[in-house]
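Enquirer: Got a structure for you, written out below as structure tokens; questions coming shortly.
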Amino acid sequence: MTQLAVLDVSHNQIADELPAVASLLDGLGKLLVVCLRHNPVMRTPAQKRSLLAHMTRVWDGSELLRCVDSEITLQDRVAARQAFVMRGARKGASGVEDAGRLRADAALALCCRDVDRVDGRASAQELQLSNLGLGKWIVQSEALACFEGLKVLALRRNNLTELGVLCDAAVLPSLQVLDVRENQLADITSIAQAVLSHAQLRELGVEDNRCVLASTVCDRQYEDARARLVGLLVHDRLGLPGCELRYIDDRAVEVEEVVLSWGKCSRDPEVFRFEQSVVCQLRRQVEERQIEDGMVACEASELTLCARGLRFLDCCLFSNLASLDLSNNLLTADAIRASGLHLLRRIERVDVSSNNIADPLPVAQIVRAGH
């Protein structure tokens, strides 16, 4: 029996006390699947929750029990560990705060269980902790600090009212994806602070909070909140070299969004629009594996900047450029003349169709230069 992996005793008359059944199952160290349905001891979901709450193999052991009539979810395991701790080491603990803190600690302990640890640091790169009812305690837990290499953190539907340690740059320094949608966050400035604290953050999920209503509920209010968030980020993060934030709520952060917010600054917004268009295009080429990550503008041999609303152009950095698509913009003859486009010695193809070029002379200069 010690090697038993599957136990099916469904459709019987087992009526033992649940703690006794739990103790028996805990003693079977290799057991993975148990079928108990249609017994007096296991007729309701509440009975299953009670059984799991009395079992340690739901959350501890060399190999966890996987199924009791149905799959044991992370939520089931968190609840079981929480119940165990409250019965044992913290017997007598009561109140919502104690229960919430225990639940958060249990979730992190389970996530740490199967990952390698070096010097007390967990090597996990992804934590899926959505829909566990963890509350604010999960972002107040010091245990989060042990996940130094974490890249993805999902905390949807957890009744979060704050972001706590996520606003600390020293916590989760490698974070690239943060999803806090469908919570109770009311302060959009704290969300901006969390983004600014994580230099590698690429994707942010934030809609359906008190400060950012779901786009399906009220599109206008969502767009206003999104614009405000971009405005809080734009001068400190968006538009600066090294910025990695690319998506908010699965939608790309567009150049136009950034330019509209940047326009309140003294810097020329048209120059900024051009620079951002180049940055976005290089990123897209990296994502599509057309060029290597880390390539700078002067190394690019091909650049597509069509339909970007460009009025400004500066070709001084593109010494290696062979193909340049500038079609469907707002470029004038003066902008082409001042751009230095005619100085590019490796250029083979230039498309300036559908612009506002009234004088053909600048284009003729490019042709005369042998391009």
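Lettering and numbering for the structure tokens are positional, with chains as A, B, ... in the shown order, residues counted from 1 in each chain, and ligands counted from 1 in the shown order.
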Mind checking which residues fall within 8 Å of region 188-199 of chain A, counting only C-alpha atoms, ignoring those fewer than 3 positions away in the same chain, and posting them as a list of chain:residue names?

Expert: A:Glu162, A:Leu163, A:Leu166, A:Cys167, A:Asp168, A:Ala169, A:Leu172, A:Pro173, A:Ser174, A:Leu175, A:Gln176, A:Leu185, A:Cys211, A:Val212, A:Leu229, A:Leu232, A:Leu233, A:Asp236, A:Arg237, A:Cys243, A:Glu244

Enquirer: Output N, CA, C and O atoms for every residue in the selection just made, as a compact mmCIF listing (two decimals), in the first residue's frame.

Expert:
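New file result.txt:
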```txt
# COMPACT_ATOMS: atom_id res chain seq x y z
N GLU A 162 -3.90 48.33 -2.56
CA GLU A 162 -2.62 49.05 -2.66
C GLU A 162 -1.61 48.14 -3.33
O GLU A 162 -1.84 46.94 -3.50
N LEU A 163 -0.46 48.70 -3.69
CA LEU A 163 0.59 47.92 -4.33
C LEU A 163 1.79 47.69 -3.43
O LEU A 163 2.72 46.97 -3.79
N LEU A 166 5.52 46.56 -4.13
CA LEU A 166 5.74 46.64 -5.57
C LEU A 166 6.17 48.04 -6.00
O LEU A 166 6.62 48.25 -7.12
N CYS A 167 6.04 49.02 -5.11
CA CYS A 167 6.52 50.37 -5.38
C CYS A 167 7.98 50.55 -4.96
O CYS A 167 8.54 51.64 -5.10
N ASP A 168 8.58 49.49 -4.45
CA ASP A 168 9.97 49.52 -4.00
C ASP A 168 10.86 48.96 -5.11
O ASP A 168 10.71 47.82 -5.53
N ALA A 169 11.81 49.75 -5.56
CA ALA A 169 12.69 49.33 -6.67
C ALA A 169 13.55 48.13 -6.30
O ALA A 169 14.04 47.42 -7.17
N LEU A 172 11.70 42.62 -6.53
CA LEU A 172 11.45 42.09 -7.88
C LEU A 172 12.12 42.95 -8.96
O LEU A 172 11.46 43.47 -9.87
N PRO A 173 13.43 43.11 -8.89
CA PRO A 173 14.13 43.98 -9.84
C PRO A 173 14.09 43.50 -11.29
O PRO A 173 14.35 44.29 -12.20
N SER A 174 13.77 42.22 -11.52
CA SER A 174 13.75 41.68 -12.89
C SER A 174 12.35 41.62 -13.49
O SER A 174 12.16 41.07 -14.58
N LEU A 175 11.36 42.20 -12.80
CA LEU A 175 9.96 42.07 -13.22
C LEU A 175 9.73 42.67 -14.61
O LEU A 175 10.12 43.81 -14.88
N GLN A 176 9.07 41.89 -15.49
CA GLN A 176 8.78 42.33 -16.85
C GLN A 176 7.29 42.43 -17.13
O GLN A 176 6.86 43.21 -17.97
N LEU A 185 -7.85 48.92 -6.71
CA LEU A 185 -6.86 50.00 -6.63
C LEU A 185 -7.51 51.33 -6.98
O LEU A 185 -8.17 51.46 -8.01
N CYS A 211 -9.63 53.10 -10.04
CA CYS A 211 -9.06 54.27 -10.71
C CYS A 211 -8.99 54.11 -12.23
O CYS A 211 -8.76 55.08 -12.95
N VAL A 212 -9.17 52.89 -12.72
CA VAL A 212 -9.16 52.63 -14.17
C VAL A 212 -10.29 51.65 -14.48
O VAL A 212 -10.12 50.44 -14.39
N LEU A 229 -2.41 57.99 -16.84
CA LEU A 229 -1.30 57.13 -16.46
C LEU A 229 -0.09 57.36 -17.37
O LEU A 229 1.04 57.49 -16.88
N LEU A 232 1.60 60.48 -16.38
CA LEU A 232 2.42 60.37 -15.17
C LEU A 232 3.76 59.70 -15.46
O LEU A 232 4.75 59.93 -14.77
N LEU A 233 3.77 58.87 -16.51
CA LEU A 233 4.98 58.11 -16.82
C LEU A 233 5.87 58.79 -17.84
O LEU A 233 7.08 58.57 -17.86
N ASP A 236 9.27 60.67 -16.95
CA ASP A 236 10.23 59.91 -16.15
C ASP A 236 10.58 58.57 -16.76
O ASP A 236 11.56 57.95 -16.38
N ARG A 237 9.76 58.09 -17.70
CA ARG A 237 9.97 56.72 -18.18
C ARG A 237 9.73 56.58 -19.68
O ARG A 237 10.64 56.30 -20.44
N CYS A 243 13.79 52.59 -21.97
CA CYS A 243 12.42 52.31 -21.52
C CYS A 243 11.92 51.03 -22.18
O CYS A 243 12.04 50.84 -23.38
N GLU A 244 11.33 50.14 -21.36
CA GLU A 244 10.88 48.86 -21.89
C GLU A 244 9.35 48.73 -21.93
O GLU A 244 8.83 47.80 -22.53
```

Enquirer: Could you pull out the strand (DSSP E) residues of region 95-279 of chain A, going by DSSP on the backbone, and write them as JSON, numbers by chain?

Expert: {"A": [117, 118, 121, 122, 126, 127, 128, 152, 153, 154, 177, 178, 179, 203, 204, 205, 247, 248, 251, 252]}

Enquirer: Determine, counting only C-alpha atoms, which protein, DNA and RNA residues have an atom within 6 Å of an atom of region 47-54 of chain A; residues of the same chain fewer than 3 positions away are not included. Present the result as a tab-separated table (two decimals) with N, CA, C and O atoms, in the first residue's frame.

Expert:
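Writing done, so here's selection03.tsv:
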```tsv
chain	number	residue	atom	x	y	z
A	18	LEU	N	-13.96	12.94	9.05
A	18	LEU	CA	-13.04	13.46	8.04
A	18	LEU	C	-11.59	13.53	8.52
A	18	LEU	O	-10.67	13.20	7.75
A	19	PRO	N	-11.29	13.92	9.77
A	19	PRO	CA	-9.89	13.92	10.22
A	19	PRO	C	-9.26	12.54	10.15
A	19	PRO	O	-8.07	12.40	9.83
A	22	ALA	N	-8.50	11.82	6.52
A	22	ALA	CA	-7.35	12.64	6.12
A	22	ALA	C	-6.05	12.03	6.63
A	22	ALA	O	-5.04	11.98	5.91
A	42	MET	N	-18.34	12.11	1.65
A	42	MET	CA	-17.95	13.02	0.57
A	42	MET	C	-19.12	13.25	-0.38
A	42	MET	O	-19.14	12.76	-1.50
A	44	THR	N	-20.67	16.63	-0.47
A	44	THR	CA	-20.80	18.06	-0.77
A	44	THR	C	-19.42	18.70	-0.95
A	44	THR	O	-18.42	18.19	-0.44
A	80	ALA	N	-5.98	25.06	2.54
A	80	ALA	CA	-5.60	23.95	3.42
A	80	ALA	C	-4.41	24.32	4.30
A	80	ALA	O	-4.40	24.04	5.51
A	83	ALA	N	-5.52	26.75	6.96
A	83	ALA	CA	-6.25	26.08	8.03
A	83	ALA	C	-5.29	25.35	8.97
A	83	ALA	O	-5.46	25.37	10.20
```

Enquirer: How far is it from CA of Asp219 (chain A) to CA of Gln184 (chain A), in Å with one decimal?

Expert: 18.4 Å

Enquirer: I'd like the contact shell of Gln13 (chain A) - 9 Å cut-off, only C-alpha atoms, skipping same-chain residues fewer than 3 positions apart - returned as an MDAnalysis selection string.

Expert: chainID A and resid 10 38:41

Enquirer: Taking the backbone alone, and naming residues the way the document does, which bits of region 312-348 of chain A are alpha helix (DSSP H) by DSSP, as an MDAnalysis selection string?

Expert: chainID A and resid 333:339

Enquirer: Neighbouring residues of Ala107 (chain A) were defined as those with any atom within 7 Å, considering only C-alpha atoms; residues of the same chain fewer than 4 positions away were excluded. Please report them as JSON, numbers by chain.

Expert: {"A": [78, 103, 111]}

Enquirer: Take the residues that were just selected and, keeping C-alpha atoms, output them as a compact mmCIF listing (two decimals), in the first residue's frame.

Expert:
```
# COMPACT_ATOMS: atom_id res chain seq x y z
CA VAL A 78 -3.68 27.75 0.01
CA ARG A 103 -3.44 33.12 3.19
CA CYS A 111 5.01 28.74 -4.92
```
